[in-house]
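As stored in target22.cif (mmCIF, C-alpha atoms):
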data_final
#
loop_
_atom_site.label_atom_id
_atom_site.label_comp_id
_atom_site.auth_asym_id
_atom_site.auth_seq_id
_atom_site.Cartn_x
_atom_site.Cartn_y
_atom_site.Cartn_z
CA MET L 1 121.29 51.33 -40.96
CA LEU L 2 118.17 52.32 -42.88
CA HIS L 3 116.22 55.54 -42.87
CA ARG L 4 113.44 56.31 -40.45
CA VAL L 5 109.76 56.34 -41.34
CA ARG L 6 109.00 58.85 -44.08
CA SER L 7 105.87 60.39 -45.50
CA SER L 8 105.53 60.56 -49.26
CA GLY L 9 103.32 62.80 -51.37
CA TRP L 10 103.90 61.16 -54.75
CA VAL L 11 100.71 59.73 -56.19
CA CYS L 12 98.98 59.29 -59.50
CA LEU L 13 95.36 58.37 -58.94
CA GLY L 14 93.47 57.78 -62.14
CA GLY L 15 90.97 60.61 -62.46
CA ILE L 16 91.35 61.96 -58.91
CA ALA L 17 94.25 64.33 -58.25
CA LEU L 18 95.50 64.17 -54.66
CA ALA L 19 99.14 65.19 -54.69
CA VAL L 20 100.18 64.78 -58.27
CA ALA L 21 103.67 63.53 -58.99
CA ALA L 22 105.78 65.12 -61.67
CA GLY L 23 104.87 63.64 -65.02
CA CYS L 24 101.40 62.51 -63.97
CA THR L 25 99.49 64.59 -66.47
CA GLN L 26 96.97 62.26 -68.03
CA ASP L 27 93.53 62.14 -66.48
CA HIS L 28 91.58 59.07 -67.47
CA GLY L 29 88.74 59.29 -64.99
CA VAL L 30 89.08 55.53 -64.66
CA LEU L 31 88.29 55.34 -60.96
CA GLY L 32 84.98 57.14 -61.27
CA ARG L 33 81.69 55.50 -61.98
CA ASP L 34 80.75 55.09 -65.62
CA PRO L 35 78.52 57.99 -66.67
CA SER L 36 74.91 57.14 -67.33
CA SER L 37 75.38 58.00 -70.98
CA GLY L 38 77.86 55.16 -71.27
CA ALA L 39 80.69 57.46 -72.38
CA SER L 40 84.12 56.78 -70.91
CA THR L 41 87.07 59.12 -70.64
CA SER L 42 89.68 57.98 -73.13
CA GLY L 43 93.29 57.27 -72.24
CA ALA L 44 96.23 58.19 -74.39
CA GLY L 45 97.47 55.66 -76.86
CA GLY L 46 95.63 53.45 -79.26
CA GLY L 47 97.01 50.02 -79.88
CA PRO L 48 96.02 47.87 -82.81
CA GLY L 49 92.30 47.33 -82.79
CA ALA L 50 91.97 49.54 -79.74
CA THR L 51 88.57 50.81 -80.80
CA THR L 52 87.14 47.36 -81.31
CA SER L 53 84.42 46.74 -78.76
CA GLY L 54 84.78 43.85 -76.36
CA ALA L 55 82.44 40.93 -76.60
CA THR L 56 81.46 41.20 -72.95
CA THR L 57 80.91 44.96 -72.95
CA THR L 58 77.44 46.29 -72.25
CA SER L 59 75.82 49.40 -73.71
CA GLY L 60 74.77 52.45 -71.74
CA ALA L 61 71.50 54.29 -72.03
CA GLY L 62 72.94 56.68 -74.60
CA GLY L 63 74.26 53.88 -76.82
CA GLY L 64 77.84 54.17 -75.65
CA GLU L 65 79.76 51.28 -74.16
CA VAL L 66 80.59 50.90 -70.49
CA GLU L 67 82.66 48.52 -68.40
CA PRO L 68 81.18 45.09 -67.77
CA PRO L 69 79.73 44.83 -64.25
CA GLY L 70 81.68 43.03 -61.57
CA PRO L 71 82.61 43.13 -57.91
CA THR L 72 85.37 45.37 -56.59
CA LYS L 73 88.73 43.65 -57.01
CA LEU L 74 92.17 44.84 -55.90
CA THR L 75 95.56 43.82 -57.26
CA VAL L 76 98.74 45.16 -55.64
CA VAL L 77 102.09 45.34 -57.47
CA ASN L 78 105.49 45.95 -55.90
CA GLY L 79 107.16 48.56 -58.10
CA VAL L 80 109.60 49.82 -55.44
CA GLY L 81 112.78 49.78 -57.47
CA ASP L 82 115.55 49.75 -54.87
CA HIS L 83 114.61 46.77 -52.68
CA ASP L 84 113.99 43.12 -53.44
CA ALA L 85 110.69 42.83 -51.57
CA VAL L 86 108.21 44.88 -49.55
CA ARG L 87 105.32 44.49 -47.13
CA PHE L 88 102.41 46.87 -46.65
CA CYS L 89 100.44 48.19 -43.72
CA PHE L 90 96.98 49.26 -44.90
CA LEU L 91 95.71 51.64 -42.21
CA ALA L 92 92.47 53.53 -41.80
CA TYR L 93 92.96 57.27 -42.22
CA PRO L 94 93.25 59.43 -40.19
CA ASP L 95 92.81 57.38 -37.03
CA GLY L 96 94.55 54.10 -37.81
CA THR L 97 97.57 53.48 -35.59
CA GLY L 98 98.34 49.98 -36.82
CA ALA L 99 97.78 48.39 -33.41
CA GLY L 100 96.40 44.89 -33.98
CA VAL L 101 96.70 45.25 -37.77
CA ASP L 102 98.69 42.55 -39.52
CA PRO L 103 101.03 43.54 -42.36
CA TRP L 104 100.26 42.36 -45.89
CA PRO L 105 101.14 39.95 -47.35
CA SER L 106 101.11 37.64 -44.35
CA ALA L 107 104.44 35.96 -45.16
CA ALA L 108 107.42 37.88 -43.77
CA ALA L 109 109.23 37.38 -47.08
CA GLY L 110 106.88 40.00 -48.51
CA LEU L 111 105.99 40.73 -52.12
CA ALA L 112 108.99 40.53 -54.44
CA PHE L 113 109.83 43.29 -56.90
CA ALA L 114 107.57 43.26 -59.99
CA ARG L 115 105.32 40.66 -58.39
CA ALA L 116 101.57 41.13 -58.19
CA GLN L 117 99.07 39.68 -55.78
CA ALA L 118 95.31 40.06 -55.47
CA VAL L 119 93.90 41.03 -52.08
CA GLU L 120 91.25 38.39 -51.49
CA PRO L 121 88.87 38.98 -49.89
CA LEU L 122 89.18 42.75 -49.98
CA GLY L 123 88.21 43.11 -46.33
CA SER L 124 91.05 40.86 -45.22
CA ALA L 125 93.49 43.76 -45.58
CA ILE L 126 91.57 46.92 -46.55
CA PRO L 127 89.61 48.67 -43.76
CA GLU L 128 85.98 49.10 -44.78
CA GLY L 129 84.17 52.41 -45.11
CA THR L 130 87.16 54.67 -44.47
CA SER L 131 89.94 56.40 -46.31
CA LEU L 132 93.16 54.43 -46.51
CA ARG L 133 96.82 55.19 -46.05
CA ALA L 134 99.22 52.49 -47.10
CA HIS L 135 102.68 52.28 -45.59
CA VAL L 136 105.31 50.37 -47.55
CA ILE L 137 108.08 48.58 -45.66
CA ALA L 138 111.39 47.23 -46.99
CA GLY L 139 114.83 46.18 -45.77
CA ASP L 140 115.39 43.13 -43.59
CA LEU L 141 111.77 41.96 -43.60
CA ARG L 142 112.63 39.09 -41.28
CA ALA L 143 112.61 41.73 -38.53
CA THR L 144 108.88 42.28 -39.13
CA GLU L 145 107.85 38.69 -38.49
CA GLY L 146 105.31 38.43 -35.70
CA LEU L 147 104.88 42.20 -35.36
CA ASP L 148 101.72 44.19 -35.96
CA CYS L 149 101.80 47.36 -38.04
CA ALA L 150 102.18 49.70 -35.05
CA GLU L 151 105.23 47.75 -33.92
CA ILE L 152 106.68 47.66 -37.43
CA LEU L 153 106.37 51.41 -37.91
CA ALA L 154 107.86 52.04 -34.47
CA LEU L 155 110.80 49.79 -35.34
CA ALA L 156 111.38 51.65 -38.62
CA ALA L 157 111.53 54.95 -36.70
CA GLU L 158 114.40 53.77 -34.48
CA SER L 159 117.99 54.69 -35.21
CA ALA L 160 119.94 51.91 -36.91
CA ALA L 161 116.64 50.21 -37.79
CA PRO L 162 116.86 47.11 -39.99
CA ILE L 163 113.87 48.28 -42.04
CA VAL L 164 112.70 51.43 -43.80
CA ALA L 165 109.08 52.55 -44.16
CA ALA L 166 107.23 55.25 -46.04
CA GLY L 167 103.65 56.42 -45.70
CA LEU L 168 102.03 56.72 -49.11
CA PRO L 169 99.33 59.24 -50.09
CA VAL L 170 95.80 58.77 -48.80
CA LEU L 171 93.21 57.03 -50.94
CA PRO L 172 89.63 58.21 -50.30
CA ALA L 173 87.06 55.68 -49.16
CA PRO L 174 84.91 55.88 -52.35
CA VAL L 175 87.75 54.34 -54.36
CA PHE L 176 87.12 50.98 -52.71
CA ALA L 177 83.36 51.21 -53.13
CA GLU L 178 83.55 51.27 -56.91
CA GLU L 179 82.72 48.14 -58.87
CA LYS L 180 86.09 48.26 -60.59
CA SER L 181 89.15 46.05 -60.97
CA LEU L 182 91.60 48.26 -59.09
CA LEU L 183 95.38 48.29 -59.45
CA LEU L 184 97.66 49.79 -56.78
CA VAL L 185 101.39 50.03 -57.49
CA ALA L 186 103.96 51.17 -54.94
CA THR L 187 106.59 53.01 -56.96
CA GLY L 188 109.90 54.86 -56.77
CA CYS L 189 112.70 54.20 -54.29
CA LEU L 190 112.68 54.02 -50.48
CA GLY L 191 116.40 54.58 -49.95
CA GLY L 192 118.55 52.88 -47.36
CA GLU L 193 122.17 52.28 -46.49
CA GLY L 194 124.32 52.42 -49.62
CA HIS L 195 121.45 53.54 -51.83
CA THR L 196 123.37 56.31 -53.52
CA HIS L 197 124.99 56.35 -56.95
CA ALA L 198 126.13 58.81 -59.59
CA SER L 199 123.23 57.69 -61.82
CA GLU L 200 120.65 57.32 -59.04
CA LYS L 201 118.14 59.62 -60.73
CA GLU L 202 117.95 57.23 -63.70
CA GLY L 203 117.07 54.50 -61.25
CA CYS L 204 114.72 56.34 -58.92
CA GLY L 205 113.55 59.61 -60.47
CA ASP L 206 114.76 63.18 -60.74
CA ALA L 207 113.86 64.07 -57.15
CA TYR L 208 115.72 61.16 -55.59
CA THR L 209 118.58 61.45 -53.14
CA ILE L 210 119.36 59.14 -50.25
CA ASP L 211 117.73 61.73 -47.98
CA THR L 212 114.76 62.42 -50.28
CA PRO L 213 113.38 59.07 -51.44
CA THR L 214 110.71 58.98 -54.13
CA ALA L 215 108.29 56.33 -52.87
CA GLY L 216 104.90 56.92 -54.41
CA LEU L 217 101.66 55.32 -55.48
CA VAL L 218 99.90 54.71 -58.77
CA ALA L 219 96.22 53.83 -58.53
CA VAL L 220 94.16 53.04 -61.63
CA ALA L 221 91.29 50.86 -62.73
CA MET L 222 91.95 48.03 -65.17
CA SER L 223 89.42 47.47 -67.93
CA ARG L 224 87.35 44.30 -67.86
CA ARG L 225 86.45 44.67 -71.51
CA THR L 226 87.37 41.66 -73.63
CA ARG L 227 86.81 40.22 -77.08
CA PHE L 228 86.25 36.47 -77.41
CA ASP L 229 88.77 35.95 -80.22
CA ARG L 230 91.52 38.31 -79.05
CA VAL L 231 93.81 38.97 -76.08
CA SER L 232 92.94 42.32 -74.47
CA LEU L 233 96.00 44.34 -73.40
CA GLN L 234 96.65 47.57 -71.51
CA VAL L 235 99.84 49.17 -70.19
CA ALA L 236 100.10 50.90 -66.79
CA HIS L 237 103.04 53.28 -66.38
CA ALA L 238 104.46 52.96 -62.84
CA SER L 239 108.15 53.71 -63.39
CA ALA L 240 108.80 56.86 -61.34
CA ALA L 241 112.13 57.37 -63.15
CA THR L 242 110.46 57.56 -66.56
CA ALA L 243 108.52 60.46 -68.04
CA VAL L 244 106.57 59.77 -71.23
CA VAL L 245 107.05 56.65 -73.34
CA GLN L 246 105.64 54.80 -76.29
CA VAL L 247 105.17 51.07 -75.66
CA GLU L 248 105.21 48.53 -78.48
CA LEU L 249 104.74 44.77 -78.71
CA THR L 250 106.53 42.58 -81.25
CA PRO L 251 105.11 39.05 -81.64
CA GLY L 252 107.35 36.04 -81.13
CA ARG L 253 107.48 34.87 -84.72
CA GLY L 254 109.95 35.54 -87.49
CA GLY L 255 109.37 38.65 -89.56
CA ALA L 256 106.59 39.95 -87.33
CA THR L 257 106.07 43.69 -87.21
CA GLY L 258 105.68 45.46 -83.88
CA ALA L 259 102.51 47.32 -83.01
CA THR L 260 101.95 50.21 -80.63
CA LEU L 261 100.13 49.35 -77.42
CA ALA L 262 100.30 52.81 -75.83
CA GLN L 263 101.54 56.12 -77.17
CA ASP L 264 102.59 59.20 -75.16
CA LEU L 265 102.01 57.25 -71.95
CA SER L 266 102.92 59.29 -68.88
CA TYR L 267 103.69 58.18 -65.33
CA GLY L 268 100.53 57.18 -63.51
CA ALA L 269 98.48 56.51 -66.63
CA ILE L 270 96.92 53.33 -68.01
CA ALA L 271 96.18 52.96 -71.73
CA PRO L 272 94.70 52.30 -74.16
CA PHE L 273 91.02 52.47 -73.42
CA PRO L 274 89.33 50.44 -74.74
CA PRO L 275 92.10 47.83 -74.37
CA SER L 276 94.11 46.84 -77.42
CA THR L 277 92.61 43.77 -79.08
CA GLY L 278 94.89 43.58 -82.08
CA PHE L 279 96.33 40.14 -81.33
CA SER L 280 94.96 36.66 -80.83
CA VAL L 281 97.13 34.12 -79.02
CA GLY L 282 98.00 32.67 -82.42
CA ASP L 283 99.07 36.09 -83.68
CA LEU L 284 101.47 36.44 -80.75
CA GLY L 285 103.42 33.33 -81.76
CA ALA L 286 105.81 31.88 -79.18
CA LEU L 287 104.88 33.85 -76.06
CA GLU L 288 108.36 33.59 -74.55
CA GLU L 289 109.76 35.29 -77.67
CA VAL L 290 107.37 38.24 -77.60
CA THR L 291 109.19 41.50 -76.80
CA ILE L 292 107.93 44.68 -75.17
CA GLU L 293 109.79 47.79 -76.30
CA THR L 294 109.75 51.38 -75.18
CA ARG L 295 110.49 54.14 -77.65
CA ASP L 296 111.23 57.80 -77.29
CA PRO L 297 107.87 59.40 -78.15
CA ILE L 298 109.55 62.19 -80.11
CA GLU L 299 112.52 60.58 -81.87
CA GLY L 300 111.06 57.08 -82.08
CA ALA L 301 114.33 55.41 -81.04
CA VAL L 302 114.09 52.15 -79.07
CA THR L 303 115.09 52.86 -75.46
CA SER L 304 114.47 49.41 -73.93
CA SER L 305 113.50 45.90 -74.99
CA VAL L 306 112.23 43.33 -72.48
CA PRO L 307 111.54 39.76 -73.61
CA MET L 308 108.30 38.19 -72.46
CA ARG L 309 110.23 35.25 -71.01
CA GLU L 310 111.64 37.62 -68.37
CA ILE L 311 108.24 39.15 -67.71
CA LEU L 312 106.63 35.73 -67.26
CA ALA L 313 109.47 34.62 -64.98
CA SER L 314 108.80 37.49 -62.57
CA SER L 315 105.01 37.44 -62.85
CA ASP L 316 102.36 35.11 -61.52
CA VAL L 317 100.62 34.57 -64.85
CA PRO L 318 101.93 31.44 -66.58
CA ALA L 319 102.09 31.38 -70.37
CA ALA L 320 99.46 28.64 -70.40
CA ASP L 321 96.94 31.04 -68.81
CA ILE L 322 97.19 33.62 -71.59
CA GLY L 323 94.32 33.01 -73.96
CA ASP L 324 91.80 34.61 -76.25
CA GLY L 325 88.87 36.23 -74.49
CA LEU L 326 91.01 37.29 -71.51
CA GLY L 327 92.42 40.65 -70.45
CA PHE L 328 95.87 41.51 -69.09
CA VAL L 329 97.81 44.58 -68.04
CA LEU L 330 101.56 45.13 -68.45
CA VAL L 331 102.71 47.25 -65.49
CA ALA L 332 105.98 49.09 -66.18
CA VAL L 333 108.15 49.25 -63.04
CA GLY L 334 111.77 49.93 -62.20
CA ALA L 335 114.39 52.29 -63.58
CA ALA L 336 114.21 54.49 -66.64
CA PRO L 337 114.65 52.76 -70.02
CA GLY L 338 118.33 52.31 -70.74
CA ALA L 339 119.41 53.22 -67.19
CA GLU L 340 122.93 52.22 -66.23
CA GLN L 341 123.22 48.64 -65.04
CA GLY L 342 124.87 47.68 -61.77
CA GLY L 343 123.29 50.29 -59.51
CA PHE L 344 121.21 49.61 -56.42
CA TRP L 345 118.00 49.70 -58.46
CA HIS L 346 116.10 47.18 -60.54
CA PRO L 347 116.08 47.80 -64.32
CA LEU L 348 112.89 48.56 -66.18
CA THR L 349 110.65 45.54 -66.47
CA TYR L 350 106.97 44.66 -66.43
CA SER L 351 104.61 42.85 -64.15
CA LEU L 352 101.95 40.96 -66.10
CA VAL L 353 98.66 40.98 -64.21
CA ARG L 354 95.16 39.75 -64.93
CA ALA L 355 92.82 42.62 -65.65
CA ASN L 356 89.99 40.80 -63.89
CA PRO L 357 91.57 38.54 -61.23
#
Render the structure in this file as structure tokens.
Amino acid sequence: MLHRVRSSGWVCLGGIALAVAAGCTQDHGVLGRDPSSGASTSGAGGGPGATTSGATTTSGAGGGEVEPPGPTKLTVVNGVGDHDAVRFCFLAYPDGTGAGVDPWPSAAAGLAFARAQAVEPLGSAIPEGTSLRAHVIAGDLRATEGLDCAEILALAAESAAPIVAAGLPVLPAPVFAEEKSLLLVATGCLGGEGHTHASEKEGCGDAYTIDTPTAGLVAVAMSRRTRFDRVSLQVAHASAATAVVQVELTPGRGGATGATLAQDLSYGAIAPFPPSTGFSVGDLGALEEVTIETRDPIEGAVTSSVPMREILASSDVPAADIGDGLGFVLVAVGAAPGAEQGGFWHPLTYSLVRANP
């Protein structure tokens, strides 16, 4: 038996505060239009070479640099840490009932944990010209096959339902009118039968209990800025169980020294801006041997270390596609760094996504 449909108020929306989750304190303004002066709100952190301008960046009227132009793109990541896969119902707000609306993705297997998928074309899943409320669905997703969103949400509301669903915070219509590369991450835990543990708050966040799940939403814009001879990197923090972290990258070659990608990165934030351009592909060495570490921002102690081979295995970006002149975002999802193993949650890991899919 899983829980009935729930409504969640946890959201971190880059630059637009709706119902701010605990720990979402950084305001990057990344979902707003670039100001005419060309100035951009800076994110926390500052990886190696972070202030180096991208080769494809244009200049604003005031001499500052702005994001390269491009059509609105949307990438969705499953960061729900206590289920293996989810589906979404993207409904118009406030009037969308889900009748006649197909769940996304179309395959009943859903989107696996830490996987990312671009919504192409945008109108295939996102209602046009209206605010949006996403509902995330987990559990026995086979039960959702052939159902529209109204039927799925009704099923989740039944007693002894095979699925659980949560309504996520509303995203205003202007978000999807921006010429940005948007990233939406469903976060936290949805709960369900057996989803309780002595260390559950390390897996799902301080507010979590089986009766008070912590499903939430992180919405940010990924930078399209690149440099022709470097790999551009950002980090998006979407682990609801983690407060503030420092994220470092150590190349996959002997004797290499790690470099900070993002410092004092809080839940819901993306950094650095401009992206870090401190490494070329050659500098990174053997990509599978690259490691991504989190450190306590005060004491500096390593709290987690995730090898790139694991990240690549759970992402849809093959090593062969990582090259100079391209941009990528590491999306932190799952439990808190160093959380106890063997619970009902997924440990901290990263989804590697293309900044400009």
Next item on the list: Using CA of Asp324 (chain L) and CA of Leu233 (chain L) as the two end points, give the distance in Å to one decimal.
Entry: 11.0 Å
Determine, using only C-alpha atoms, which residues of region 85-201 of chain L have any atom at most 9 Å from an atom of region 68-79 of chain L, and tabulate each with its shortest atom pair and distance in Å to one decimal place, rows ordered by chain and then rising number, as JSON lines.
{"residue": "L:Ala85", "atom": "CA", "partner": "L:Asn78", "partner_atom": "CA", "distance": 7.5}
{"residue": "L:Val86", "atom": "CA", "partner": "L:Asn78", "partner_atom": "CA", "distance": 7.0}
{"residue": "L:Arg87", "atom": "CA", "partner": "L:Asn78", "partner_atom": "CA", "distance": 8.9}
{"residue": "L:Leu111", "atom": "CA", "partner": "L:Asn78", "partner_atom": "CA", "distance": 6.5}
{"residue": "L:Ala112", "atom": "CA", "partner": "L:Asn78", "partner_atom": "CA", "distance": 6.6}
{"residue": "L:Phe113", "atom": "CA", "partner": "L:Asn78", "partner_atom": "CA", "distance": 5.2}
{"residue": "L:Ala114", "atom": "CA", "partner": "L:Asn78", "partner_atom": "CA", "distance": 5.3}
{"residue": "L:Arg115", "atom": "CA", "partner": "L:Val77", "partner_atom": "CA", "distance": 5.8}
{"residue": "L:Ala116", "atom": "CA", "partner": "L:Val77", "partner_atom": "CA", "distance": 4.3}
{"residue": "L:Gln117", "atom": "CA", "partner": "L:Val76", "partner_atom": "CA", "distance": 5.5}
{"residue": "L:Ala118", "atom": "CA", "partner": "L:Thr75", "partner_atom": "CA", "distance": 4.2}
{"residue": "L:Val119", "atom": "CA", "partner": "L:Leu74", "partner_atom": "CA", "distance": 5.7}
{"residue": "L:Glu120", "atom": "CA", "partner": "L:Leu74", "partner_atom": "CA", "distance": 7.9}
{"residue": "L:Pro121", "atom": "CA", "partner": "L:Lys73", "partner_atom": "CA", "distance": 8.5}
{"residue": "L:Leu122", "atom": "CA", "partner": "L:Leu74", "partner_atom": "CA", "distance": 7.0}
{"residue": "L:Phe176", "atom": "CA", "partner": "L:Thr72", "partner_atom": "CA", "distance": 7.0}
{"residue": "L:Ala177", "atom": "CA", "partner": "L:Thr72", "partner_atom": "CA", "distance": 7.1}
{"residue": "L:Glu178", "atom": "CA", "partner": "L:Thr72", "partner_atom": "CA", "distance": 6.2}
{"residue": "L:Glu179", "atom": "CA", "partner": "L:Thr72", "partner_atom": "CA", "distance": 4.5}
{"residue": "L:Lys180", "atom": "CA", "partner": "L:Thr72", "partner_atom": "CA", "distance": 5.0}
{"residue": "L:Ser181", "atom": "CA", "partner": "L:Lys73", "partner_atom": "CA", "distance": 4.6}
{"residue": "L:Leu182", "atom": "CA", "partner": "L:Leu74", "partner_atom": "CA", "distance": 4.7}
{"residue": "L:Leu183", "atom": "CA", "partner": "L:Thr75", "partner_atom": "CA", "distance": 5.0}
{"residue": "L:Leu184", "atom": "CA", "partner": "L:Val76", "partner_atom": "CA", "distance": 4.9}
{"residue": "L:Val185", "atom": "CA", "partner": "L:Val77", "partner_atom": "CA", "distance": 4.7}
{"residue": "L:Ala186", "atom": "CA", "partner": "L:Gly79", "partner_atom": "CA", "distance": 5.2}
{"residue": "L:Thr187", "atom": "CA", "partner": "L:Gly79", "partner_atom": "CA", "distance": 4.6}
{"residue": "L:Gly188", "atom": "CA", "partner": "L:Gly79", "partner_atom": "CA", "distance": 7.0}
{"residue": "L:Cys189", "atom": "CA", "partner": "L:Gly79", "partner_atom": "CA", "distance": 8.8}
Notebook entry, point to check: Evaluating the PyMOL selection byres ((chain L and resi 295-298) around 7) on the displayed file yields which residues, as a VMD selection string?
Noted result: chain L and resid 245 to 247 264 293 to 294 299 to 303
Take every atom of region 180-188 of chain L listed in the file, fit an axis-aligned box around them, add 4 Å per side, and give the centre and edge lengths in Å to one decimal as AutoDock Vina command-line options.
--center_x 98.0 --center_y 50.5 --center_z -58.0 --size_x 31.8 --size_y 16.8 --size_z 14.0
Checklist line | Selection result for the PyMOL selection byres ((chain L and resi 280) around 7) on this file, as a count of residues only | finding: 9
Excluding same-chain residues fewer than 5 positions from Gly110 (chain L), what lies within 10 Å of it counting only C-alpha atoms, as a compact mmCIF listing (two decimals) with C-alpha atoms, keeping the file's coordinate frame?
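Output contents, as saved in around.txt:
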# COMPACT_ATOMS: atom_id res chain seq x y z
CA ASN L 78 105.49 45.95 -55.90
CA ASP L 84 113.99 43.12 -53.44
CA ALA L 85 110.69 42.83 -51.57
CA VAL L 86 108.21 44.88 -49.55
CA ARG L 87 105.32 44.49 -47.13
CA PHE L 88 102.41 46.87 -46.65
CA PRO L 103 101.03 43.54 -42.36
CA TRP L 104 100.26 42.36 -45.89
CA PRO L 105 101.14 39.95 -47.35
CA ILE L 137 108.08 48.58 -45.66
CA ALA L 138 111.39 47.23 -46.99
CA LEU L 141 111.77 41.96 -43.60
CA ARG L 142 112.63 39.09 -41.28
CA THR L 144 108.88 42.28 -39.13
Notebook entry, point to check: With all atoms listed in the file as the basis for distance, which of L:Ile292, L:Cys204, L:Val235, L:Ala319 is at the shortest distance from Gly81 (chain L)?
Noted result: L:Cys204
